[in-house]
2 protein chains.
Amino acid sequence: MINDIEIIKTESSKINEVDFDNLKFGSVFSDHMLVCDYKDGKWQAPKIMPYQPITLDPSAKIFHYGQSVFEGMKAYKDADKNVWLFRPLDNCKRLNISSKRLAIPELPEAYFMEGLKALLELDKDWIPTNDGSSLYIRPFVFASGEGFHASPADEYKFIICTAPSGSYFSGEVKVLIEEKYSRSANGGVGFAKAGGNYAGQFYPTQLAKAKGYQQVIWTDDNTHEYIEEAGAMNIFVRINDTLITGPTSDRILDGITRKSIIELAESEGIKVEVRKLTVAEVVEAAKNGTLKEMFGAGTAAVVSPIAGFGYKGTDYDLPKLDETYANFLKKRITDIQTNKVDDSFGWRFKV
Amino acid sequence: MINDIEIIKTESSKINEVDFDNLKFGSVFSDHMLVCDYKDGKWQAPKIMPYQPITLDPSAKIFHYGQSVFEGMKAYKDADKNVWLFRPLDNCKRLNISSKRLAIPELPEAYFMEGLKALLELDKDWIPTNDGSSLYIRPFVFASGEGFHASPADEYKFIICTAPSGSYFSGEVKVLIEEKYSRSANGGVGFAKAGGNYAGQFYPTQLAKAKGYQQVIWTDDNTHEYIEEAGAMNIFVRINDTLITGPTSDRILDGITRKSIIELAESEGIKVEVRKLTVAEVVEAAKNGTLKEMFGAGTAAVVSPIAGFGYKGTDYDLPKLDETYANFLKKRITDIQTNKVDDSFGWRFKV
C-alpha cells in the first residue's frame with residue numbers, strides 16, 4: 001500500500017462538454033490523469049493531476065527506439081453507482097511482463113492498483129452508464145530518458161488516462177487472413193503489449209481495408225498456415241459445437257478477455273479446445289458447413305462477431321445463426337463486468 | 001525545391017558549454033532543430049527553431065502504438081571547412097520506405113534535403129573536426145495525432161536534430177550469437193528503421209551484456225541457423241580472403257554503410273559474397289582457422305571490428321591480424337566521407 005497519493009484537482013471540469021449518448025472509442029478524455037516517474041533508479045510516488053500535455057526533450061527515447069508498453073481496461077458503473085473493474089491485477093501483472101521484455105523497469109503493483117483506484121474515485125462521474133459504453137482505461141509506460149544511443153532509457157513515465165467510450169467496432173466485421181505480412185516473430189515481442197507491435201500492423205490493415213475488410217487475422221510468420229490473433233483481439237472459431245482458439249505463445253498476447261471466455265464457455269458446458277488451428281482447417285470447415293462462428297475477444301472490442309473472412313482471393317461468409325456462442329458469451333461476460341449477475345469466478349473488482 | 005524555410009535563431013548558443021575533445025555519442029545537441037508537421041492531410045513547410053522540448057497530448061499515438069521511424073547520418077568538416085554528407089538521398093529514400101511500412105505519410109524529398117542543408121548551414125560550427133568525431137544527424141518521424149483507437153494517426157512530426165558525437169563503441173566488441181530471442185519476422189518490419197525494432201532488442205542485449213558481450217548478432221526467428229544483423233550494424237564475416245554478408249530481406253536493414261562497404265571492397269579487388277551465411281559455417285571456420293575477421297558496419301559505428309563471439313556457451317576469439325579488411329575499409333570509407341581522397345563513387349555530398 002502507498003500512503004498518500006498527491007492529488008491536484010482540475011479547476012474547470014470538461015464533463016459538461018461531453019455528449020455521453022454519442023461516445024466514440026477513446027477520443028475524449030476525463031479530467032484527471034495519474035503520472036508516476038521513474039528516475040534515479042526507482043519509481044517515484046504517483047501523482048494525480050489535471051489531464052494535460054506531456055513535455056519531452058526531442059531526444060527522449062520514446063521518439064526513437066519504441067520503448068513503450070500499455071494496457072487496456074474498462075470501468076463500469078452499476079445501477080447503484082458502484083464502480084467495477086474486471087480482473088485489474090491481471091492487467092497490472094501483464095504490464096510488467098511487457099515491460100520486462102522491453103527492458104522497462106517493472107512498476108510496483110501498489111502504484112498501479114492504488115493509483116488506479118484513486119483516479120477512478122476522483123473521475124467516477126466520467127463512467128458512462130449507457131449499454132455498451134464504459135470508461136476505457138489506458139495505463140501506459142514509455143521511455144522519457146534522453147540520448148541517441150540505442151540502449152534502454154534511464155527515465156520513464158507511467159501514466160493512466162481514462163476515456164468514456166462507446167463501441168470499438170461499428171457495424172459488422174469482415175476479416176482478411178494474412179498470407180504475406182506478419183505481426184510477430186518467434187522469440188520476439190508479440191506476447192507483449194508493446195507499442196511497436198501495433199504500428200507494424202497498420203499498413204497491412206490499410207491494405208486489407210482497401211479490399212473491404214476491417215481487420216487482419218495474423219498467421220505465423222514462417223508458414224502462414226496457422227491462425228494466430230487479430231492484433232486488437234484474440235480469435236475464436238466454432239466448428240460444429242466446439243470452440244477453438246490458439247494457444248498463447250511468445251507471438252500471441254495472453255488476452256484477459258480470451259482466458260475469461262475460455263473459462264466461461266467451459267463452465268457453461270461448451271467444449272473448448274486450445275490448440276493450434278490451421279487456416280486450411282477453417283477454410284475446409286467453411287466449405288463443408290461445419291464452421292458456425294468466428295469472433296474476436298479483447299478488452300476494447302469485448303466479443304466481436306466476425307461476419308466473414310477472405311483468404312487467397314476467396315470470400316467465405318459465416319452463417320447467420322439465431323443463437324450464437326458469441327452473443328451468449330458476450331452477454332455472460334458483460335453481465336459479470338457490469339454487476340448484473342453473480343460472479344462465481346471472482347473476476348469483478350469493486351473500486 | 002522549397003522556397004523559404006522559416007528560421008528562428010536561438011538567442012543564446014550553448015556551443016561554449018561543449019567539450020569537443022571529449023564527446024560521447026549523441027548526448028549533447030546542437031542549437032537548432034528542424035520541425036515539419038503533417039496535418040490536414042499534408043506535410044506543412046519545415047521550420048528551423050531553437051532546440052526545444054516537444055509538447056504532446058497524453059493520447060498522442062507515439063506513446064501507445066509505436067508509430068515512429070528514424071534515420072542516422074553524419075556530417076563532416078574537411079580542412080577547408082567544407083561540410084560533407086554521405087549519400088544523404090539514400091537516407092531520405094529509406095526514411096520513406098520505413099514510413100510506408102509503418103503507415104506514416106511519406107515526406108517530400110525536398111523538405112528532407114533542403115531542410116537538412118539549411119539546418120547544417122546554421123549549425124555548422126557544431127561539426128567536430130577531431131579524428132573519429134562527427135556531427136551525428138537524427139531525422140525522425142513520429143505520430144503526434146491523438147486518440148486510443150489502434151489505427152494510424154492523422155498528425156505526425158518530422159524532426160531533425162544534430163549531436164556532435166564521438167565513437168559509438170568504446171573498446172573492443174564481443175558479440176553473442178542469439179539462439180532464443182529474435183529481432184524480426186518474415187513479413188514484419190525488420191527492414192524498416194522503426195522504433196519498435198530497437199526496443200525489442202534491449203532486453204536480450206542486456207542478457208548478453210551480463211555475460212560479457214556488447215552486442216547480439218541476430219539469427220532468423222525460425223531456425224536460428226542463419227546470421228542476420230546486429231541491430232545497430234550489418235555484419236560482415238571474412239573467411240580466408242572472402243568477405244561474406246547476408247542478403248537484405250524484409251527482416252534485415254538495407255544499411256547504407258553495408259552497401260558502400262560491399263562496393264568499396266569489390267573495387268579494391270576483395271572477393272565479396274552476398275549470400276545466406278549459417279552460424280555453423282562461421283563456427284566451423286573459427287575452429288579450422290579460416291575465420292579471419294568479423295566486423296559490423298553502420299552509420300553510427302562506421303566499421304566496428306569484432307574481437308570474438310559466443311555461441312552455445314563457447315567463446316570463439318578472432319585472430320589478431322596486422323592488416324585487416326576492417327581497418328582498410330574503415331579508412332577508405334572515412335577518407336571518402338571526410339574529403340581526404342577522391343570519391344570515384346559519387347557518394348560525398350557537399351552542403
# chains A, B, ... in the order shown; residues from 1 in each chain; ligands from 1
$ residues_around --residues "A:Glu228" --least-positions-apart "2" --cutoff "10 Å" --atoms "only C-alpha atoms" --output "list in words"
Ile177, Ser182, Arg183, Ser184, Ile217, Trp218, Thr219, Asp220, Asp221, His224, Glu225, Tyr226, Ala230, Gly231, Asn234, Ile235, Thr245, Gly246, Pro247, Thr248, Ser249, Arg251, Ile252, Leu253, Lys276, Leu277, Thr278 and Val279 of chain A
$ calpha_fit_and_write --fixed "chain A" --moving "chain B" --output "compact mmCIF listing (two decimals) with C-alpha atoms, in the first residue's frame"
# COMPACT_ATOMS: atom_id res chain seq x y z
CA MET B 1 0.01 -0.02 -0.05
CA ILE B 2 1.12 3.52 -0.67
CA ASN B 3 0.33 6.20 1.83
CA ASP B 4 -0.82 9.31 0.13
CA ILE B 5 -1.18 10.00 -3.52
CA GLU B 6 -0.79 13.69 -4.14
CA ILE B 7 -3.89 14.96 -5.93
CA ILE B 8 -4.09 18.23 -7.81
CA LYS B 9 -7.68 18.72 -8.92
CA THR B 10 -8.72 20.48 -12.08
CA GLU B 11 -10.12 23.96 -11.67
CA SER B 12 -12.55 23.57 -14.54
CA SER B 13 -14.11 20.22 -15.36
CA LYS B 14 -14.77 19.46 -19.04
CA ILE B 15 -17.51 16.96 -18.25
CA ASN B 16 -20.38 19.17 -19.39
CA GLU B 17 -18.84 19.39 -22.88
CA VAL B 18 -19.19 15.63 -23.41
CA ASP B 19 -22.14 14.03 -25.20
CA PHE B 20 -22.39 10.77 -23.26
CA ASP B 21 -25.09 9.46 -25.62
CA ASN B 22 -22.81 9.59 -28.65
CA LEU B 23 -19.42 8.41 -27.49
CA LYS B 24 -16.78 7.22 -29.90
CA PHE B 25 -13.97 4.99 -28.73
CA GLY B 26 -11.11 6.67 -26.84
CA SER B 27 -11.38 10.17 -28.21
CA VAL B 28 -12.49 12.31 -25.24
CA PHE B 29 -10.54 12.19 -22.01
CA SER B 30 -11.55 12.56 -18.39
CA ASP B 31 -10.47 15.46 -16.19
CA HIS B 32 -7.51 13.82 -14.49
CA MET B 33 -4.57 11.55 -15.10
CA LEU B 34 -2.15 9.64 -12.92
CA VAL B 35 1.56 10.21 -13.52
CA CYS B 36 4.44 8.29 -11.99
CA ASP B 37 8.08 8.97 -12.92
CA TYR B 38 10.95 6.53 -12.93
CA LYS B 39 14.20 8.33 -12.19
CA ASP B 40 17.30 7.92 -10.04
CA GLY B 41 16.84 4.16 -10.32
CA LYS B 42 13.33 3.92 -8.88
CA TRP B 43 9.67 4.62 -9.47
CA GLN B 44 8.71 7.81 -7.63
CA ALA B 45 5.35 8.21 -5.87
CA PRO B 46 2.37 8.59 -8.23
CA LYS B 47 0.54 11.89 -8.53
CA ILE B 48 -2.89 12.69 -9.88
CA MET B 49 -3.16 15.92 -11.81
CA PRO B 50 -5.41 17.57 -14.38
CA TYR B 51 -5.24 15.89 -17.82
CA GLN B 52 -2.52 17.90 -19.51
CA PRO B 53 0.13 17.80 -22.24
CA ILE B 54 3.43 16.01 -21.74
CA THR B 55 6.68 17.85 -22.45
CA LEU B 56 9.72 15.87 -23.58
CA ASP B 57 13.17 16.51 -24.98
CA PRO B 58 13.42 15.71 -28.72
CA SER B 59 16.01 13.06 -27.81
CA ALA B 60 13.59 11.24 -25.44
CA LYS B 61 13.96 7.58 -26.36
CA ILE B 62 10.23 7.05 -26.94
CA PHE B 63 10.63 9.04 -30.17
CA HIS B 64 13.49 6.89 -31.44
CA TYR B 65 13.53 3.41 -29.99
CA GLY B 66 9.90 2.48 -29.39
CA GLN B 67 10.34 1.66 -25.73
CA SER B 68 6.68 1.67 -24.68
CA VAL B 69 4.05 -0.71 -23.36
CA PHE B 70 0.41 -0.25 -22.48
CA GLU B 71 -2.71 -1.87 -21.11
CA GLY B 72 -6.40 -1.57 -21.87
CA MET B 73 -9.06 -1.87 -19.18
CA LYS B 74 -12.64 -0.75 -18.61
CA ALA B 75 -14.57 0.56 -15.60
CA TYR B 76 -18.34 0.09 -15.31
CA LYS B 77 -20.95 1.64 -13.04
CA ASP B 78 -23.90 -0.45 -11.88
CA ALA B 79 -27.45 0.68 -11.08
CA ASP B 80 -26.38 1.50 -7.51
CA LYS B 81 -23.48 3.62 -8.77
CA ASN B 82 -20.90 1.15 -7.60
CA VAL B 83 -17.77 1.21 -9.77
CA TRP B 84 -16.34 -2.07 -11.06
CA LEU B 85 -13.19 -3.22 -12.76
CA PHE B 86 -12.56 -6.60 -14.39
CA ARG B 87 -9.51 -8.61 -13.27
CA PRO B 88 -7.37 -5.46 -12.89
CA LEU B 89 -4.49 -7.25 -11.20
CA ASP B 90 -4.06 -9.30 -14.38
CA ASN B 91 -3.54 -6.09 -16.33
CA CYS B 92 -1.00 -4.91 -13.79
CA LYS B 93 0.90 -8.19 -13.98
CA ARG B 94 0.80 -8.21 -17.78
CA LEU B 95 2.04 -4.61 -17.93
CA ASN B 96 5.10 -5.74 -16.00
CA ILE B 97 5.54 -8.81 -18.21
CA SER B 98 5.50 -6.49 -21.23
CA SER B 99 7.83 -4.01 -19.52
CA LYS B 100 10.38 -6.68 -18.70
CA ARG B 101 10.61 -7.77 -22.35
CA LEU B 102 11.06 -4.15 -23.42
CA ALA B 103 13.78 -3.53 -20.78
CA ILE B 104 11.49 -1.12 -18.91
CA PRO B 105 11.68 -1.20 -15.09
CA GLU B 106 8.74 -3.05 -13.55
CA LEU B 107 6.22 -0.96 -11.63
CA PRO B 108 5.23 -1.69 -8.00
CA GLU B 109 1.81 -3.33 -8.01
CA ALA B 110 0.51 -0.91 -5.36
CA TYR B 111 1.34 2.11 -7.53
CA PHE B 112 -0.78 0.65 -10.30
CA MET B 113 -3.69 -0.58 -8.18
CA GLU B 114 -3.90 2.21 -5.62
CA GLY B 115 -3.21 4.85 -8.23
CA LEU B 116 -5.94 3.49 -10.47
CA LYS B 117 -8.45 3.33 -7.63
CA ALA B 118 -7.72 6.91 -6.57
CA LEU B 119 -8.03 8.12 -10.16
CA LEU B 120 -11.38 6.36 -10.67
CA GLU B 121 -12.68 7.64 -7.34
CA LEU B 122 -11.91 11.18 -8.47
CA ASP B 123 -13.29 10.82 -12.01
CA LYS B 124 -16.18 8.42 -11.32
CA ASP B 125 -18.70 10.82 -12.87
CA TRP B 126 -16.97 10.15 -16.20
CA ILE B 127 -18.03 6.48 -16.23
CA PRO B 128 -20.84 6.15 -18.78
CA THR B 129 -23.85 4.01 -17.90
CA ASN B 130 -25.39 3.49 -21.37
CA ASP B 131 -25.43 -0.09 -22.60
CA GLY B 132 -22.23 -0.88 -24.47
CA SER B 133 -20.41 2.15 -23.07
CA SER B 134 -17.73 2.16 -20.40
CA LEU B 135 -14.84 4.17 -19.12
CA TYR B 136 -11.88 2.93 -21.15
CA ILE B 137 -8.70 3.00 -19.06
CA ARG B 138 -5.28 3.33 -20.65
CA PRO B 139 -2.27 2.67 -18.41
CA PHE B 140 0.98 3.11 -20.35
CA VAL B 141 4.71 3.36 -19.78
CA PHE B 142 7.23 4.98 -22.09
CA ALA B 143 10.90 5.94 -22.16
CA SER B 144 11.34 9.63 -21.34
CA GLY B 145 15.10 9.40 -20.78
CA GLU B 146 17.29 11.17 -23.30
CA GLY B 147 20.05 10.41 -25.80
CA PHE B 148 20.59 8.92 -29.26
CA HIS B 149 22.45 5.83 -28.09
CA ALA B 150 20.36 2.74 -28.92
CA SER B 151 20.07 1.45 -25.36
CA PRO B 152 17.41 1.47 -22.64
CA ALA B 153 16.45 4.85 -21.20
CA ASP B 154 17.29 5.86 -17.65
CA GLU B 155 13.94 7.60 -17.12
CA TYR B 156 10.35 6.50 -17.79
CA LYS B 157 6.82 7.73 -17.27
CA PHE B 158 3.88 5.59 -16.19
CA ILE B 159 0.58 7.32 -16.91
CA ILE B 160 -3.06 6.32 -16.59
CA CYS B 161 -5.61 8.23 -18.65
CA THR B 162 -9.29 7.40 -18.97
CA ALA B 163 -11.76 7.99 -21.79
CA PRO B 164 -15.53 7.49 -21.69
CA SER B 165 -16.06 5.31 -24.74
CA GLY B 166 -18.62 3.65 -26.96
CA SER B 167 -18.08 0.53 -29.07
CA TYR B 168 -14.69 -0.19 -30.62
CA PHE B 169 -16.14 -1.50 -33.88
CA SER B 170 -19.18 -0.06 -35.59
CA GLY B 171 -21.03 -2.41 -37.91
CA GLU B 172 -20.10 -5.94 -38.92
CA VAL B 173 -16.52 -7.12 -39.01
CA LYS B 174 -15.05 -8.88 -42.03
CA VAL B 175 -11.50 -10.11 -41.66
CA LEU B 176 -8.69 -10.96 -44.05
CA ILE B 177 -6.47 -13.93 -43.23
CA GLU B 178 -2.95 -12.66 -43.92
CA GLU B 179 -0.68 -14.51 -46.34
CA LYS B 180 2.29 -12.15 -46.64
CA TYR B 181 2.76 -9.78 -43.72
CA SER B 182 3.34 -10.83 -40.12
CA ARG B 183 2.72 -9.40 -36.70
CA SER B 184 5.45 -11.11 -34.67
CA ALA B 185 8.46 -13.38 -34.61
CA ASN B 186 9.33 -16.45 -32.58
CA GLY B 187 11.46 -15.08 -29.76
CA GLY B 188 10.11 -11.59 -30.43
CA VAL B 189 7.77 -9.28 -28.54
CA GLY B 190 4.38 -10.44 -29.87
CA PHE B 191 3.20 -11.57 -26.42
CA ALA B 192 3.85 -8.08 -25.01
CA LYS B 193 1.54 -5.11 -25.36
CA ALA B 194 4.43 -3.18 -26.90
CA GLY B 195 3.71 -0.10 -28.98
CA GLY B 196 5.76 -1.35 -31.92
CA ASN B 197 3.53 -4.41 -32.31
CA TYR B 198 0.66 -2.12 -33.26
CA ALA B 199 2.42 0.25 -35.66
CA GLY B 200 3.60 -2.75 -37.68
CA GLN B 201 0.02 -3.86 -38.24
CA PHE B 202 -1.31 -0.58 -39.60
CA TYR B 203 -0.03 -0.83 -43.17
CA PRO B 204 -1.20 -4.41 -43.84
CA THR B 205 -4.52 -3.45 -42.21
CA GLN B 206 -4.81 -0.46 -44.55
CA LEU B 207 -4.29 -2.82 -47.49
CA ALA B 208 -6.98 -5.13 -46.10
CA LYS B 209 -9.37 -2.20 -45.60
CA ALA B 210 -8.89 -1.16 -49.20
CA LYS B 211 -10.19 -4.63 -50.11
CA GLY B 212 -13.24 -4.27 -47.85
CA TYR B 213 -12.04 -5.96 -44.63
CA GLN B 214 -11.95 -4.28 -41.22
CA GLN B 215 -9.25 -6.38 -39.58
CA VAL B 216 -6.42 -8.75 -40.38
CA ILE B 217 -6.13 -12.20 -38.83
CA TRP B 218 -2.42 -12.79 -38.45
CA THR B 219 -0.80 -16.10 -39.24
CA ASP B 220 2.62 -17.43 -38.22
CA ASP B 221 5.48 -15.70 -39.99
CA ASN B 222 7.15 -18.89 -41.12
CA THR B 223 4.40 -20.78 -42.96
CA HIS B 224 1.31 -18.52 -42.77
CA GLU B 225 -0.59 -21.77 -42.16
CA TYR B 226 -1.63 -21.19 -38.54
CA ILE B 227 -4.21 -18.74 -37.20
CA GLU B 228 -2.65 -16.50 -34.56
CA GLU B 229 -4.54 -13.39 -33.41
CA ALA B 230 -6.13 -10.23 -34.78
CA GLY B 231 -3.89 -7.61 -33.22
CA ALA B 232 -6.58 -5.94 -31.15
CA MET B 233 -8.33 -9.26 -30.40
CA ASN B 234 -7.66 -12.95 -29.88
CA ILE B 235 -9.58 -15.17 -32.28
CA PHE B 236 -12.11 -17.91 -31.53
CA VAL B 237 -13.50 -20.32 -34.12
CA ARG B 238 -16.56 -22.51 -33.63
CA ILE B 239 -16.55 -25.72 -35.69
CA ASN B 240 -19.72 -27.69 -35.13
CA ASP B 241 -20.25 -27.09 -31.41
CA THR B 242 -16.59 -26.91 -30.39
CA LEU B 243 -14.95 -23.58 -29.66
CA ILE B 244 -11.29 -23.46 -30.73
CA THR B 245 -8.62 -20.86 -30.04
CA GLY B 246 -4.87 -20.95 -30.49
CA PRO B 247 -2.55 -21.39 -27.51
CA THR B 248 -0.72 -18.31 -26.30
CA SER B 249 2.96 -18.19 -27.17
CA ASP B 250 5.76 -15.68 -27.46
CA ARG B 251 3.97 -14.45 -30.59
CA ILE B 252 0.41 -14.21 -29.20
CA LEU B 253 -0.95 -11.92 -26.49
CA ASP B 254 -2.28 -13.63 -23.36
CA GLY B 255 -5.64 -11.84 -23.60
CA ILE B 256 -7.62 -11.39 -20.40
CA THR B 257 -10.92 -11.49 -22.29
CA ARG B 258 -9.60 -14.58 -24.13
CA LYS B 259 -8.90 -16.56 -20.99
CA SER B 260 -12.15 -15.40 -19.38
CA ILE B 261 -14.13 -16.53 -22.44
CA ILE B 262 -12.44 -19.94 -22.27
CA GLU B 263 -13.36 -20.36 -18.59
CA LEU B 264 -16.89 -19.03 -19.09
CA ALA B 265 -17.56 -21.30 -22.07
CA GLU B 266 -16.27 -24.37 -20.23
CA SER B 267 -18.36 -23.54 -17.17
CA GLU B 268 -21.39 -23.40 -19.44
CA GLY B 269 -20.66 -26.84 -20.81
CA ILE B 270 -19.29 -25.66 -24.16
CA LYS B 271 -16.44 -27.83 -25.41
CA VAL B 272 -13.34 -25.68 -25.78
CA GLU B 273 -10.11 -26.69 -27.49
CA VAL B 274 -6.98 -24.61 -27.00
CA ARG B 275 -4.77 -25.84 -29.80
CA LYS B 276 -3.02 -24.80 -32.97
CA LEU B 277 -5.53 -24.15 -35.69
CA THR B 278 -4.65 -24.14 -39.37
CA VAL B 279 -6.15 -21.85 -41.95
CA ALA B 280 -6.78 -24.96 -44.05
CA GLU B 281 -8.99 -26.42 -41.32
CA VAL B 282 -11.06 -23.23 -41.11
CA VAL B 283 -11.43 -23.00 -44.90
CA GLU B 284 -12.42 -26.67 -45.10
CA ALA B 285 -14.99 -26.16 -42.31
CA ALA B 286 -16.37 -23.13 -44.13
CA LYS B 287 -16.72 -25.20 -47.30
CA ASN B 288 -18.38 -28.20 -45.68
CA GLY B 289 -20.70 -26.17 -43.50
CA THR B 290 -19.25 -27.09 -40.10
CA LEU B 291 -17.84 -23.60 -39.51
CA LYS B 292 -20.54 -21.98 -37.40
CA GLU B 293 -18.90 -18.89 -35.95
CA MET B 294 -15.76 -16.83 -35.66
CA PHE B 295 -15.32 -14.01 -33.19
CA GLY B 296 -12.66 -11.82 -31.69
CA ALA B 297 -12.20 -11.28 -27.96
CA GLY B 298 -10.42 -8.33 -26.38
CA THR B 299 -10.92 -5.61 -23.79
CA ALA B 300 -11.69 -2.86 -26.28
CA ALA B 301 -13.86 -4.97 -28.63
CA VAL B 302 -15.25 -7.30 -25.88
CA VAL B 303 -16.65 -10.12 -28.06
CA SER B 304 -16.85 -9.12 -31.68
CA PRO B 305 -18.64 -11.49 -34.10
CA ILE B 306 -16.97 -11.93 -37.49
CA ALA B 307 -19.34 -11.89 -40.46
CA GLY B 308 -16.94 -13.43 -42.95
CA PHE B 309 -13.32 -13.83 -43.94
CA GLY B 310 -11.22 -13.55 -47.04
CA TYR B 311 -8.36 -15.90 -47.89
CA LYS B 312 -6.36 -16.25 -51.09
CA GLY B 313 -8.82 -14.15 -53.05
CA THR B 314 -11.95 -16.02 -51.95
CA ASP B 315 -14.54 -14.69 -49.52
CA TYR B 316 -16.21 -17.01 -47.05
CA ASP B 317 -19.39 -15.89 -45.31
CA LEU B 318 -20.21 -17.14 -41.86
CA PRO B 319 -23.79 -18.45 -41.37
CA LYS B 320 -26.28 -16.16 -39.63
CA LEU B 321 -27.40 -18.16 -36.61
CA ASP B 322 -30.23 -17.20 -34.28
CA GLU B 323 -28.29 -18.26 -31.21
CA THR B 324 -24.56 -17.80 -31.20
CA TYR B 325 -21.80 -18.57 -28.75
CA ALA B 326 -20.54 -15.05 -29.39
CA ASN B 327 -23.72 -13.33 -28.25
CA PHE B 328 -24.23 -15.75 -25.37
CA LEU B 329 -20.67 -15.34 -24.08
CA LYS B 330 -20.67 -11.59 -24.65
CA LYS B 331 -23.81 -11.26 -22.54
CA ARG B 332 -22.37 -13.52 -19.85
CA ILE B 333 -19.12 -11.59 -19.60
CA THR B 334 -20.67 -8.12 -19.72
CA ASP B 335 -23.30 -9.13 -17.15
CA ILE B 336 -20.46 -10.11 -14.83
CA GLN B 337 -18.47 -6.97 -15.65
CA THR B 338 -21.43 -4.67 -14.99
CA ASN B 339 -22.61 -6.46 -11.81
CA LYS B 340 -25.89 -7.69 -13.29
CA VAL B 341 -25.27 -11.30 -12.22
CA ASP B 342 -23.29 -13.16 -9.62
CA ASP B 343 -19.60 -13.57 -10.30
CA SER B 344 -18.64 -17.07 -9.24
CA PHE B 345 -15.17 -16.59 -10.77
CA GLY B 346 -14.12 -13.71 -8.53
CA TRP B 347 -13.24 -11.55 -11.54
CA ARG B 348 -15.18 -8.44 -10.64
CA PHE B 349 -13.29 -5.90 -8.56
CA LYS B 350 -15.06 -3.18 -6.63
CA VAL B 351 -13.34 0.22 -6.65
$ select_by_dssp --residues "stretch 20-258 of chain A" --states "strand (DSSP E or B)" --output "PyMOL selection string"
chain A and resi 32-39+42-43+47-50+54-56+60+68-70+73-77+83-86+134-143+146+156-165+173-177+194+215-217+219+226-227+229+234-239+242-245+249+252
$ select_by_dssp --residues "stretch 154-316 of chain A" --states "alpha helix (DSSP H)" --output "JSON, numbers by chain"
{"A": [195, 196, 197, 198, 199, 200, 201, 202, 203, 204, 205, 206, 207, 208, 209, 210, 256, 257, 258, 259, 260, 261, 262, 263, 264, 265, 266, 267, 279, 280, 281, 282, 283, 284, 285, 286, 287, 288]}
$ decode --residues "stretch 98-103 of chain B" --atoms "all heavy atoms" --output "compact mmCIF listing (two decimals), in the first residue's frame"
# COMPACT_ATOMS: atom_id res chain seq x y z
N SER B 98 10.70 3.19 -44.78
CA SER B 98 10.30 2.83 -43.41
C SER B 98 8.91 3.39 -43.11
O SER B 98 8.05 2.69 -42.55
CB SER B 98 11.31 3.39 -42.40
OG SER B 98 12.60 2.85 -42.59
N SER B 99 8.71 4.66 -43.44
CA SER B 99 7.43 5.31 -43.15
C SER B 99 6.27 4.55 -43.78
O SER B 99 5.25 4.29 -43.13
CB SER B 99 7.42 6.76 -43.66
OG SER B 99 8.20 7.58 -42.82
N LYS B 100 6.44 4.18 -45.05
CA LYS B 100 5.36 3.49 -45.74
C LYS B 100 4.94 2.22 -44.99
O LYS B 100 3.76 1.96 -44.78
CB LYS B 100 5.82 3.14 -47.16
CG LYS B 100 4.72 2.55 -48.02
CD LYS B 100 5.18 2.27 -49.44
CE LYS B 100 4.06 1.60 -50.22
NZ LYS B 100 4.52 1.08 -51.51
N ARG B 101 5.93 1.45 -44.53
CA ARG B 101 5.62 0.19 -43.83
C ARG B 101 4.93 0.44 -42.50
O ARG B 101 4.19 -0.42 -42.00
CB ARG B 101 6.92 -0.61 -43.64
CG ARG B 101 6.72 -1.95 -42.94
CD ARG B 101 5.82 -2.87 -43.76
NE ARG B 101 5.60 -4.16 -43.10
CZ ARG B 101 4.66 -4.36 -42.18
NH1 ARG B 101 3.88 -3.37 -41.78
NH2 ARG B 101 4.50 -5.55 -41.63
N LEU B 102 5.19 1.63 -41.92
CA LEU B 102 4.58 1.96 -40.62
C LEU B 102 3.32 2.82 -40.79
O LEU B 102 2.82 3.39 -39.83
CB LEU B 102 5.60 2.69 -39.74
CG LEU B 102 6.58 1.83 -38.93
CD1 LEU B 102 5.87 1.07 -37.81
CD2 LEU B 102 7.38 0.85 -39.77
N ALA B 103 2.83 2.92 -42.03
CA ALA B 103 1.60 3.68 -42.33
C ALA B 103 1.74 5.15 -41.97
O ALA B 103 0.78 5.80 -41.55
CB ALA B 103 0.39 3.04 -41.64
